[in-house]
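**Q** A single structure is presented below for examination.
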Amino acid sequence: MHENMKLLNIGCGKSFHLEWSNIDLVAATPSIRVHDIRKSLPYANSYFNACYSSHVIEHLMSHEAHQLVSETFRVLKSNGIFRVVVPNLELIAQKYLQALTQVTSGDLQAEPDYDWMMLELYDQTVRTFNSGEMGQYLGNCNIKNKEFVLSRIGSAAEDYWHNQEISKQKSLWDKIRSKSPIWLLQKARIILTKACVRLIAGEEVKLTFDEVLFRNTGEIHRWMYDRFSLKRMLEQVGFVNVSIFLSDTSQIPDFNKYNLDVVEDRVKHPDSLFMEGTKP
């Protein structure tokens, strides 16, 4: 039975497995199907045995997230499993309050942890430029609480540092050559449009235009979830037996072999809430 299972990874980004059907707005490789997941999923009713989505729905408006979860329910077979992973708002709040208590009681060594937790709470919601203040924090070569940051966001920090090192080694021409013709065309169109906006409406309007463009890239968080709100949404759609799981436990058979949440015994997103529900 396991060999014939149909599996869907929704909004996969760069975290995917070739035994799954992988779908996203932008394809990291040709094996990923390009589709706007805010619209109906391009699959038949009751088609998949399991669906998975990690750090996706928080980038959608709450009604868009509800629509996506409804679509996931539709494409799952009876007894199909939906595993959804999101930043854990409850844990973020707890860590913030813990750091706040420490710094206000005079423990100045906890100040970097406090600063980081403030970024986790707000930066990805309010940022107006790529990577935001969180990226600037990670880009500091003298991070005082590197282990704390790794314990919070795991591979996301490691990937950022790795990509920064690669970027330093590449010339501008190498960076341009690595982009697809479609990406280059879109970039040229945006640059031309910005120039026209500045010329016609002035610098202030151009800055507003920049922010609007950025907020539609999909990078920012538009909503956050805790164990109550996420469970409620899954149950409202129709899922039953909704429960919290660990990063390395799942009802999906042989889930760990796909290296979606854990790679080489390291959790990709330690700051996460892992939840699964079953379609009756």
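Ordering of the structure tokens sets the chain letters (A, B, ...), residue numbers begin anew at 1 in every chain, and ligands are numbered from 1 in the order given.
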Find the residues around A:Arg215 up to 10 Å (only C-alpha atoms counted), leave out those fewer than 6 positions away in its own chain, and share them as a compact mmCIF listing (two decimals) with C-alpha atoms, in the first residue's frame.

**A**
# COMPACT_ATOMS: atom_id res chain seq x y z
CA THR A 125 5.07 40.81 9.68
CA VAL A 126 6.10 44.46 9.35
CA ARG A 127 9.32 44.35 7.30
CA THR A 128 9.49 46.46 4.15
CA PHE A 129 12.64 45.07 2.55
CA ASN A 130 14.11 41.66 1.74
CA HIS A 221 3.76 36.73 7.61
CA ARG A 222 0.11 37.74 7.28

**Q** Show me, as JSON, numbers by chain, the residues that have an atom within 8 Å of A:Val75 when counting only C-alpha atoms, minus same-chain residues fewer than 4 positions from it.

**A** {"A": [41, 43, 44, 45, 46, 47, 48, 71]}

**Q** Next, the residues of the selection above should be written as a compact mmCIF listing (two decimals), in the first residue's frame with C-alpha atoms.

**A**
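So the final result, stored in selection21.txt, reads:
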# COMPACT_ATOMS: atom_id res chain seq x y z
CA LEU A 41 -5.59 23.12 -6.11
CA TYR A 43 -6.10 18.05 -8.55
CA ALA A 44 -9.18 15.85 -8.54
CA ASN A 45 -11.31 15.18 -5.47
CA SER A 46 -10.09 12.41 -3.14
CA TYR A 47 -6.81 11.92 -5.00
CA PHE A 48 -4.05 11.97 -2.35
CA GLU A 71 -8.83 22.55 -0.77

**Q** Between atom CA of A:Val103 and atom CA of A:Tyr122, what is the distance in Å, rounded to a tenth?

**A**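 Taking atom CA of A:Val103 and atom CA of A:Tyr122, their separation equals 18.8 Å.
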
**Q** Taking only C-alpha atoms into account, which of A:Tyr258, A:Tyr137, A:Trp161, A:Phe148 comes nearest A:Ala110?

**A**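 Looking at the shortest contact to A:Ala110, the residue is A:Phe148.
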
**Q** Given only C-alpha atoms as the basis, pick out the residue of A:Thr278, A:Ser272, A:Ser62, A:Ser151 nearest to A:Asn88.

**A** A:Ser272

**Q** Between A:Leu192, A:Leu76, A:Ile32, A:Ile81, single out the one closest to A:Ser250, counting only C-alpha atoms.

**A**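 Selected residue with least distance to A:Ser250: A:Ile81.
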
**Q** Based on DSSP run over this structure's backbone, return all residues of stretch 14-244 of chain A in helix (DSSP H, G or I), as a PyMOL selection string.

**A** chain A and resi 57-59+62-75+89-104+108-126+132-138+146-153+155-169+172-177+181-201+203-215+227-237

**Q** Fewer than 3 positions away in the same chain doesn't count, so skip those; otherwise give me all residues within 8 Å of stretch 2-11 of chain A, counting only C-alpha atoms, as a list in words.

**A** Phe16, Glu19, Trp20, Ser21, Asn22, Ile23, Asp24, Leu25, Ile37, Tyr47, Phe48, Asn49, Ala50, Cys51, Tyr52, Ser53, Ser54, Val56 and Pro253 of chain A

**Q** Rounded to one decimal in Å, what is the spacing between atom CA of A:Asp226 and atom CA of A:Leu246?

**A**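 Separation of atom CA of A:Asp226 and atom CA of A:Leu246: 14.8 Å.
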
**Q** Which residues come within 12 Å of A:Asn163, counting only C-alpha atoms, excluding same-chain residues fewer than 6 positions away, as a list in words?

**A**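 Residues meeting the cut-off are Gly135, Leu138, Gly139, Ser155, Ala156, Ala157, Gln169 and Lys170 of chain A.
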
**Q** Hey, which of A:Glu204, A:Ala28, A:Gln186, A:Ile220 ends up closest to A:Asp123? Count only C-alpha atoms.

**A**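 Distance minimum relative to A:Asp123 lands on A:Ile220.
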
**Q** Taking only C-alpha atoms into account, name the residue in A:Lys146, A:Gly132, A:Lys14, A:Ile57 that is nearest to A:Val26.

**A**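 Smallest separation from A:Val26 among the options: A:Lys14.
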
**Q** Would you list, as a ChimeraX atom specification, the residues of stretch 56-242 of chain A that end up in strand (DSSP E) under DSSP run on this structure's backbone?

**A** /A:76-87,240-242

**Q** Kindly indicate which residue among A:Thr193, A:Thr217, A:Ser105, A:Thr249 lies nearest to A:Asp261, using only C-alpha atoms for the distances.

**A**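 Under the stated criterion, the closest residue is A:Thr249.
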
**Q** As an exercise, work out the distance from atom CA of A:Gly202 to atom CA of A:Gln136 in Å and give it to one decimal place.

**A**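 These two atoms are separated by 28.3 Å.
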